[in-house]
Structures are given as structure tokens and as C-alpha cells.
file query-v1.tsv (TSV, C-alpha atoms and all ligand atoms)
chain	number	residue	atom	x	y	z
A	1	ALA	CA	235.71	-6.85	102.96
A	2	ALA	CA	232.33	-7.72	101.49
A	3	GLU	CA	231.24	-6.35	98.16
A	4	PRO	CA	228.25	-4.06	98.20
A	5	GLY	CA	225.05	-5.83	97.25
A	6	SER	CA	224.42	-4.90	93.66
A	7	PRO	CA	226.68	-6.20	90.90
A	8	TYR	CA	228.88	-3.93	88.85
A	9	ARG	CA	227.36	-3.31	85.43
A	10	VAL	CA	230.06	-3.58	82.80
A	11	VAL	CA	229.08	-2.72	79.23
A	12	LEU	CA	230.74	-3.97	76.04
A	13	LEU	CA	230.76	-1.23	73.42
A	14	GLY	CA	232.14	-1.36	69.90
A	15	ALA	CA	231.46	-1.78	66.21
A	16	SER	CA	229.95	-4.93	64.81
A	17	GLY	CA	232.39	-7.82	64.43
A	18	VAL	CA	235.05	-6.63	66.87
A	19	GLY	CA	234.55	-9.55	69.28
A	20	LYS	CA	231.96	-8.44	71.84
A	21	THR	CA	230.09	-11.74	71.64
A	22	ALA	CA	233.36	-13.63	71.97
A	23	PHE	CA	234.17	-11.62	75.12
A	24	ALA	CA	230.71	-12.32	76.53
A	25	SER	CA	231.09	-16.06	75.87
A	26	ILE	CA	234.40	-16.19	77.71
A	27	PHE	CA	232.85	-14.32	80.61
A	28	ALA	CA	229.79	-16.59	80.62
A	29	GLY	CA	231.98	-19.67	80.39
A	30	ALA	CA	233.57	-18.87	83.72
A	31	ALA	CA	230.32	-19.77	85.42
A	32	ASP	CA	230.92	-23.44	84.62
A	33	SER	CA	234.55	-23.47	85.61
A	34	MET	CA	233.74	-21.85	88.92
A	35	ASP	CA	230.91	-24.36	89.48
A	36	SER	CA	228.39	-21.60	89.82
A	37	ASP	CA	224.84	-21.45	88.59
A	38	ASP	CA	224.66	-17.70	88.84
A	39	CYS	CA	225.16	-17.11	85.17
A	40	GLU	CA	222.11	-16.19	83.23
A	41	LEU	CA	222.21	-15.45	79.57
A	42	CYS	CA	219.23	-13.38	78.64
A	43	GLY	CA	219.01	-13.43	74.88
A	44	ASP	CA	222.79	-13.33	74.69
A	45	GLU	CA	222.78	-9.77	75.94
A	46	MET	CA	223.41	-10.04	79.63
A	47	CYS	CA	225.32	-12.33	81.92
A	48	GLU	CA	225.80	-12.12	85.65
A	49	ASN	CA	228.79	-13.81	87.18
A	50	MET	CA	230.88	-13.86	90.31
A	51	ILE	CA	234.57	-13.49	89.55
A	52	GLU	CA	237.55	-13.32	91.82
A	53	VAL	CA	239.84	-10.31	91.44
A	54	ASP	CA	242.89	-9.89	93.68
A	55	GLY	CA	241.55	-12.52	96.05
A	56	GLU	CA	238.24	-10.78	96.53
A	57	PRO	CA	234.97	-11.84	94.87
A	58	ALA	CA	233.22	-9.36	92.62
A	59	SER	CA	229.74	-9.66	91.24
A	60	VAL	CA	229.65	-8.45	87.65
A	61	THR	CA	226.82	-8.13	85.17
A	62	LEU	CA	228.18	-8.01	81.65
A	63	LEU	CA	226.00	-6.28	79.08
A	64	ASP	CA	226.64	-6.92	75.41
A	65	THR	CA	225.34	-4.22	73.13
A	66	TRP	CA	224.10	-5.13	69.70
A	67	ASP	CA	225.19	-3.61	66.43
A	68	ALA	CA	224.63	0.10	66.42
A	69	GLU	CA	224.95	0.55	62.71
A	70	TYR	CA	222.13	-1.83	62.00
A	71	ASP	CA	219.49	0.29	63.59
A	72	SER	CA	219.90	3.59	65.35
A	73	GLU	CA	222.39	4.85	67.86
A	74	TRP	CA	219.83	4.23	70.55
A	75	PRO	CA	220.80	0.82	71.94
A	76	GLN	CA	224.41	1.65	72.76
A	77	GLU	CA	223.42	5.06	74.11
A	78	CYS	CA	220.86	3.42	76.34
A	79	TYR	CA	223.61	1.25	77.83
A	80	MET	CA	225.82	4.30	78.24
A	81	GLN	CA	223.38	5.67	80.77
A	82	THR	CA	223.06	2.51	82.83
A	83	GLY	CA	226.58	1.07	82.85
A	84	ASP	CA	229.04	1.52	85.70
A	85	ALA	CA	232.06	0.80	83.51
A	86	PHE	CA	232.85	0.21	79.85
A	87	LEU	CA	235.02	-2.00	77.71
A	88	LEU	CA	235.39	-0.11	74.45
A	89	LEU	CA	236.38	-2.65	71.82
A	90	TYR	CA	237.83	-2.35	68.36
A	91	SER	CA	239.58	-4.84	66.14
A	92	ILE	CA	243.25	-4.24	65.39
A	93	THR	CA	242.47	-5.62	61.90
A	94	ASP	CA	239.80	-3.01	61.18
A	95	ARG	CA	240.66	0.67	61.19
A	96	ALA	CA	236.99	1.63	60.80
A	97	SER	CA	236.25	-0.08	64.11
A	98	PHE	CA	239.06	1.95	65.71
A	99	LEU	CA	237.45	5.16	64.46
A	100	ARG	CA	234.11	3.90	65.69
A	101	ALA	CA	235.62	3.39	69.14
A	102	SER	CA	236.66	7.05	69.14
A	103	GLU	CA	233.14	8.11	68.22
A	104	LEU	CA	231.71	5.96	70.97
A	105	ARG	CA	234.15	7.46	73.46
A	106	ILE	CA	232.97	10.94	72.51
A	107	THR	CA	229.32	9.92	72.81
A	108	LEU	CA	230.10	8.31	76.14
A	109	ARG	CA	231.59	11.53	77.43
A	110	ARG	CA	228.33	13.27	76.55
A	111	PHE	CA	226.28	10.75	78.54
A	112	ARG	CA	228.76	10.40	81.37
A	113	PRO	CA	230.21	13.87	81.89
A	114	ALA	CA	231.37	12.99	85.40
A	115	GLN	CA	235.03	12.10	85.58
A	116	HIS	CA	236.33	8.70	86.54
A	117	THR	CA	233.88	6.51	84.69
A	118	PRO	CA	236.03	3.39	84.34
A	119	ILE	CA	236.81	2.70	80.69
A	120	ILE	CA	239.31	0.42	79.03
A	121	LEU	CA	240.07	0.74	75.33
A	122	VAL	CA	240.45	-2.83	74.08
A	123	GLY	CA	242.26	-3.67	70.83
A	124	ASN	CA	240.99	-7.17	70.12
A	125	LYS	CA	242.14	-9.82	67.60
A	126	CYS	CA	245.83	-9.26	68.33
A	127	ASP	CA	246.41	-12.85	67.16
A	128	LEU	CA	245.81	-11.70	63.58
A	129	VAL	CA	249.26	-10.14	63.25
A	130	ARG	CA	249.40	-10.12	59.49
A	131	ARG	CA	246.06	-8.37	59.17
A	132	ARG	CA	246.92	-5.63	61.66
A	133	GLU	CA	245.72	-2.16	60.58
A	134	VAL	CA	246.05	-0.34	63.91
A	135	SER	CA	249.42	-0.34	65.67
A	136	VAL	CA	249.90	-0.81	69.39
A	137	SER	CA	251.24	2.72	69.72
A	138	GLU	CA	248.19	4.17	67.98
A	139	GLY	CA	245.94	2.32	70.39
A	140	ARG	CA	247.96	3.48	73.36
A	141	ALA	CA	248.00	7.09	72.11
A	142	CYS	CA	244.25	7.04	71.60
A	143	ALA	CA	243.71	5.75	75.13
A	144	ALA	CA	245.95	8.53	76.47
A	145	VAL	CA	243.89	11.15	74.64
A	146	PHE	CA	240.71	9.59	75.91
A	147	ASP	CA	242.07	9.34	79.42
A	148	CYS	CA	241.44	5.63	79.77
A	149	LYS	CA	243.41	2.40	80.11
A	150	PHE	CA	244.47	0.33	77.12
A	151	ILE	CA	244.96	-3.36	76.49
A	152	GLU	CA	245.34	-5.58	73.43
A	153	THR	CA	243.53	-8.90	73.58
A	154	SER	CA	242.72	-11.98	71.58
A	155	ALA	CA	239.36	-13.49	72.38
A	156	ALA	CA	240.20	-16.32	70.00
A	157	MET	CA	243.31	-17.24	72.00
A	158	GLU	CA	241.73	-16.15	75.31
A	159	HIS	CA	244.71	-13.84	75.68
A	160	ASN	CA	244.34	-10.86	78.07
A	161	VAL	CA	240.53	-11.12	78.11
A	162	TRP	CA	240.42	-11.81	81.85
A	163	GLU	CA	243.02	-9.12	82.38
A	164	ALA	CA	240.53	-6.70	80.81
A	165	PHE	CA	237.68	-7.88	83.05
A	166	HIS	CA	239.90	-7.78	86.13
A	167	GLY	CA	241.23	-4.36	85.17
A	168	ILE	CA	237.76	-2.89	84.97
A	169	VAL	CA	236.83	-4.36	88.38
A	170	ARG	CA	240.00	-2.85	89.87
A	171	GLN	CA	239.03	0.55	88.48
A	172	LEU	CA	235.51	0.19	89.86
A	173	ARG	CA	236.93	-0.66	93.28
A	174	LEU	CA	239.27	2.31	93.22
A	175	ARG	CA	236.36	4.55	92.43
A	176	ARG	CA	234.23	2.94	95.14
A	177	ASP	CA	237.01	3.27	97.72
A	178	SER	CA	237.64	6.92	96.87
A	179	LYS	CA	234.01	7.85	97.45
Z	1	LIG	P1	230.61	-8.77	67.76
Z	1	LIG	O1	229.82	-8.42	66.54
Z	1	LIG	O2	231.34	-7.58	68.29
Z	1	LIG	O3	229.81	-9.47	68.81
Z	1	LIG	O4	231.78	-9.77	67.28
Z	1	LIG	P2	231.88	-11.35	67.44
Z	1	LIG	O5	232.25	-11.72	68.83
Z	1	LIG	O6	230.65	-11.97	66.89
Z	1	LIG	O7	233.14	-11.66	66.53
Z	1	LIG	C1	233.10	-11.46	65.12
Z	1	LIG	C2	234.00	-12.49	64.46
Z	1	LIG	O8	235.35	-12.29	64.86
Z	1	LIG	C3	233.65	-13.91	64.83
Z	1	LIG	O9	233.86	-14.71	63.68
Z	1	LIG	C4	234.67	-14.26	65.90
Z	1	LIG	O10	234.97	-15.63	65.92
Z	1	LIG	C5	235.87	-13.46	65.44
Z	1	LIG	N1	236.75	-13.06	66.57
Z	1	LIG	C6	236.38	-12.47	67.72
Z	1	LIG	N2	237.46	-12.23	68.49
Z	1	LIG	C7	238.54	-12.68	67.81
Z	1	LIG	C8	239.95	-12.71	68.07
Z	1	LIG	O11	240.45	-12.28	69.11
Z	1	LIG	N3	240.75	-13.24	67.10
Z	1	LIG	C9	240.24	-13.74	65.94
Z	1	LIG	N4	241.10	-14.26	65.06
Z	1	LIG	N5	238.93	-13.73	65.66
Z	1	LIG	C10	238.08	-13.21	66.57

call {"tool": "encode", "arguments": {"input": "query-v1.tsv", "output": "C-alpha cells", "more": "lines below"}}
Ligand code: GDP
result
Amino acid sequence: AAEPGSPYRVVLLGASGVGKTAFASIFAGAADSMDSDDCELCGDEMCENMIEVDGEPASVTLLDTWDAEYDSEWPQECYMQTGDAFLLLYSITDRASFLRASELRITLRRFRPAQHTPIILVGNKCDLVRRREVSVSEGRACAAVFDCKFIETSAAMEHNVWEAFHGIVRQLRLRRDSK
């Protein structure tokens, strides 16, 4: 089955320093390994790439939002209106970023009141075990409250990062197929 023409727009949301840029680099890096010249980095904020999920190609545009706290709320909110799906990142070593993820989830609900917007809550930096401030069960409980999927990742170790990208594509496909 062919994918519909336009790529899925996946947005990285989260506090500053949680690993959004690291996620975007891993995603962008796949363009080389797949011998594709589709990947375009536009000021580090956007990258389009073709990835294979469950044996089927998917065209994904990844949008990296910049630090909300450094200006206004506007940039992330702007992305909330245009994205098809969201990876909501926090760092397991930074409780404030976990709280920020909750705030962003609430804001997201305001912009995307329709149900079934694909969202994955991502607890990044799980390699930093001794600096952990947010437990796995807290992350999982938060995701349950927010009615979204949950995964812990380490961008530094490239652990579970592709699982997160693949997971969001699977959710987008489910939504597409149920329409
Ligand atoms: P952003 O502000 O959300 O874009 O965060 P960055 O991607 O710039 O990451 C902030 C810092 O955390 C950088 O020094 C990264 O190298 C580091 N970092 C990102 N992800 C991980 C991770 O999974 N583990 C570790 N140990 N460091 C990470």
C-alpha cells in the first residue's frame, strides 16, 4: 500500500536541554545510512526523511521546536497547530522538565481538542541512571493520565530512539486507517 503524498509532520516538544536536538540529529543521520538525499536541515529545525516502519516506507518531516522559556510560548504553540503527531520529551534527570512536559500536554490538549492526536511521552537520558529524578513508574503513570504512550530513551546511546519514531508512525497509520 502506498503512503499518501504528504509526509507526516512529527513535532518534538519539551523543555530546553532534554535532548530534542539529539533526537533530530539521529533522525537526520538516517538519511546517510539509507543512501537518500531527501534530508534537508533547515536551520536545524526541520528534517524530512523516508523511514521504513513494519516493512512499509513512511515519509516523515521532523520539526524541532526551540526553547520556549527563552522567548514566549508562541513557537511551541505554533507547532502544536501544524503537527500531525508529537514526541513530548523530558529528561529523567530533570524533574522540572517532567513538569514542563505535563504543562505542554495540557496546552496541546487546548490546541488539539480532537481525540486521537498521536502523542508519545518520552523520558530521555535513561543512560544517566545515577542522576535519575523521575522514576519509570512516574513516567508511565503520567502517560496513562495523559492518555498517551510512554517510552524511555537514551539519545546518547541511541537506545529506543527509533522505537519512538516508529511508534509514532504506527499511531499515525492507525489513525489514518480508522478514518
Ligand atoms: P534540546 O535543548 O532539547 O535540543 O537538548 P539537546 O539535544 O541539545 O541536549 C542537551 C544536552 O543533553 C546535550 O549536551 C546532549 O548531548 C545531552 N543529551 C541529550 N540526550 C542525551 C541522552 O540520552 N543521554 C545523555 N547522557 N545526554 C544526552

call {"tool": "residues_around", "arguments": {"input": "query-v1.tsv", "residues": "stretch 132-147 of chain A", "least_positions_apart": "4", "cutoff": "7 Å", "atoms": "all atoms listed in the file", "output": "CSV table (one decimal) with C-alpha atoms, keeping the file's coordinate frame"}}
result
chain,number,residue,atom,x,y,z
A,92,ILE,CA,243.2,-4.2,65.4
A,93,THR,CA,242.5,-5.6,61.9
A,94,ASP,CA,239.8,-3.0,61.2
A,95,ARG,CA,240.7,0.7,61.2
A,121,LEU,CA,240.1,0.7,75.3
A,128,LEU,CA,245.8,-11.7,63.6

call {"tool": "atom_distance", "arguments": {"input": "query-v1.tsv", "atom1": "atom CA of A:Val169", "atom2": "atom N4 of ligand LIG 1 (chain Z)"}}
result
25.7 Å

call {"tool": "residues_around", "arguments": {"input": "query-v1.tsv", "residues": "A:Glu158", "least_positions_apart": "4", "cutoff": "9 Å", "atoms": "only C-alpha atoms", "output": "number ranges by chain"}}
result
A: 23, 26, 153-154, 162

call {"tool": "residues_near_ligand", "arguments": {"input": "query-v1.tsv", "ligand": "ligand LIG 1 (chain Z)", "cutoff": "9 Å", "atoms": "all atoms listed in the file", "output": "mmCIF file with C-alpha atoms, keeping the file's coordinate frame"}}
result
data_model
loop_
_atom_site.group_PDB
_atom_site.id
_atom_site.type_symbol
_atom_site.label_atom_id
_atom_site.label_comp_id
_atom_site.auth_asym_id
_atom_site.auth_seq_id
_atom_site.Cartn_x
_atom_site.Cartn_y
_atom_site.Cartn_z
ATOM 1 C CA LEU A 12 230.740 -3.970 76.040
ATOM 2 C CA LEU A 13 230.760 -1.230 73.420
ATOM 3 C CA GLY A 14 232.140 -1.360 69.900
ATOM 4 C CA ALA A 15 231.460 -1.780 66.210
ATOM 5 C CA SER A 16 229.950 -4.930 64.810
ATOM 6 C CA GLY A 17 232.390 -7.820 64.430
ATOM 7 C CA VAL A 18 235.050 -6.630 66.870
ATOM 8 C CA GLY A 19 234.550 -9.550 69.280
ATOM 9 C CA LYS A 20 231.960 -8.440 71.840
ATOM 10 C CA THR A 21 230.090 -11.740 71.640
ATOM 11 C CA ALA A 22 233.360 -13.630 71.970
ATOM 12 C CA PHE A 23 234.170 -11.620 75.120
ATOM 13 C CA ALA A 24 230.710 -12.320 76.530
ATOM 14 C CA SER A 25 231.090 -16.060 75.870
ATOM 15 C CA ASP A 64 226.640 -6.920 75.410
ATOM 16 C CA THR A 65 225.340 -4.220 73.130
ATOM 17 C CA TRP A 66 224.100 -5.130 69.700
ATOM 18 C CA ASP A 67 225.190 -3.610 66.430
ATOM 19 C CA LEU A 89 236.380 -2.650 71.820
ATOM 20 C CA TYR A 90 237.830 -2.350 68.360
ATOM 21 C CA SER A 91 239.580 -4.840 66.140
ATOM 22 C CA GLY A 123 242.260 -3.670 70.830
ATOM 23 C CA ASN A 124 240.990 -7.170 70.120
ATOM 24 C CA LYS A 125 242.140 -9.820 67.600
ATOM 25 C CA CYS A 126 245.830 -9.260 68.330
ATOM 26 C CA ASP A 127 246.410 -12.850 67.160
ATOM 27 C CA LEU A 128 245.810 -11.700 63.580
ATOM 28 C CA THR A 153 243.530 -8.900 73.580
ATOM 29 C CA SER A 154 242.720 -11.980 71.580
ATOM 30 C CA ALA A 155 239.360 -13.490 72.380
ATOM 31 C CA ALA A 156 240.200 -16.320 70.000
ATOM 32 C CA MET A 157 243.310 -17.240 72.000
ATOM 33 C CA GLU A 158 241.730 -16.150 75.310
ATOM 34 C CA HIS A 159 244.710 -13.840 75.680
#

call {"tool": "residues_near_point", "arguments": {"input": "query-v1.tsv", "point": "(234.7, -2.7, 89.0)", "cutoff": "12 Å", "atoms": "all atoms listed in the file", "output": "ChimeraX atom specification"}}
result
/A:3-4,6-11,50-54,56-62,83-87,116-120,164-177
